[in-house]
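Have a look at the structure below before the remarks.
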Amino acid sequence: MNYDIRNVKNTTDLITYFSTNLGWDIDMDSFDDIEDISYDFEAEDIGLKEENFAKISSLR
């Protein structure tokens, strides 16, 4: 069964999508916090100008 990408609204939904559609072996019980398996980006990390990045509240 496929999980529709349009239903992804948060990190839990995204992990479900990765697991269901892409076959990634991710178990929500394997970590305590999303920060255990992700990290924050800075504007220069992804080639954005700082003034454009200011409009983004969070990027992981």
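Each chain in the structure tokens gets a letter, A, B, ..., in the order shown, and its residues are numbered from 1; ligands are numbered from 1 in order too.
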TODO: Write out as a list in words the residues lying within 12 Å of range 27-40 of chain A, counting only C-alpha atoms and excluding same-chain residues fewer than 4 positions away.
DONE: Asn10, Thr11, Thr12, Asp13, Leu14, Ile15, Thr16, Tyr17, Phe18, Ser19, Thr20, Gly23, Glu44, Asp45, Ile46, Ile56, Ser57, Ser58, Leu59 and Arg60 of chain A
Where in chain A does DSSP assign alpha helix (DSSP H), given as a PDB file with C-alpha atoms, in the first residue's frame?
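Printed below is selection_10.pdb as written:
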ATOM      1  CA  THR A  11       8.219  14.499  10.272  1.00  0.00           C
ATOM      2  CA  THR A  12       6.251  11.464  11.457  1.00  0.00           C
ATOM      3  CA  ASP A  13       4.300  11.485   8.178  1.00  0.00           C
ATOM      4  CA  LEU A  14       7.557  11.844   6.242  1.00  0.00           C
ATOM      5  CA  ILE A  15       9.118   8.856   7.986  1.00  0.00           C
ATOM      6  CA  THR A  16       5.966   6.855   7.269  1.00  0.00           C
ATOM      7  CA  TYR A  17       6.248   7.848   3.604  1.00  0.00           C
ATOM      8  CA  PHE A  18       9.920   6.821   3.446  1.00  0.00           C
ATOM      9  CA  SER A  19       9.187   3.508   5.112  1.00  0.00           C
ATOM     10  CA  THR A  20       6.049   2.644   3.143  1.00  0.00           C
ATOM     11  CA  ASN A  21       6.859   3.932  -0.332  1.00  0.00           C
ATOM     12  CA  LEU A  22      10.637   3.773  -0.485  1.00  0.00           C
ATOM     13  CA  GLU A  50      20.103  34.617   3.704  1.00  0.00           C
ATOM     14  CA  GLU A  51      17.180  36.959   2.911  1.00  0.00           C
ATOM     15  CA  ASN A  52      15.279  34.085   1.253  1.00  0.00           C
ATOM     16  CA  PHE A  53      16.112  31.664   4.042  1.00  0.00           C
TER      17      PHE A  53
END
Open item on the list: Which residues are close to Lys55 in chain A, i.e. within 12 Å by only C-alpha atoms, leaving aside same-chain residues fewer than 6 positions away? Reply as an MDAnalysis selection string.
Closed with: chainID A and resid 43 48:49
Restricted to N, CA, C and O atoms, what would the selected residues look like written as a PDB file, in the first residue's frame?
ATOM      1  N   ALA A  43      21.381  28.449   5.584  1.00  0.00           N
ATOM      2  CA  ALA A  43      21.135  28.926   4.220  1.00  0.00           C
ATOM      3  C   ALA A  43      22.294  28.586   3.289  1.00  0.00           C
ATOM      4  O   ALA A  43      22.093  28.081   2.178  1.00  0.00           O
ATOM      5  N   LEU A  48      21.083  28.932  -0.523  1.00  0.00           N
ATOM      6  CA  LEU A  48      20.072  29.985  -0.472  1.00  0.00           C
ATOM      7  C   LEU A  48      20.681  31.276   0.034  1.00  0.00           C
ATOM      8  O   LEU A  48      21.583  31.273   0.864  1.00  0.00           O
ATOM      9  N   LYS A  49      20.156  32.381  -0.469  1.00  0.00           N
ATOM     10  CA  LYS A  49      20.543  33.678   0.058  1.00  0.00           C
ATOM     11  C   LYS A  49      19.886  33.841   1.424  1.00  0.00           C
ATOM     12  O   LYS A  49      18.756  33.402   1.638  1.00  0.00           O
TER      13      LYS A  49
END
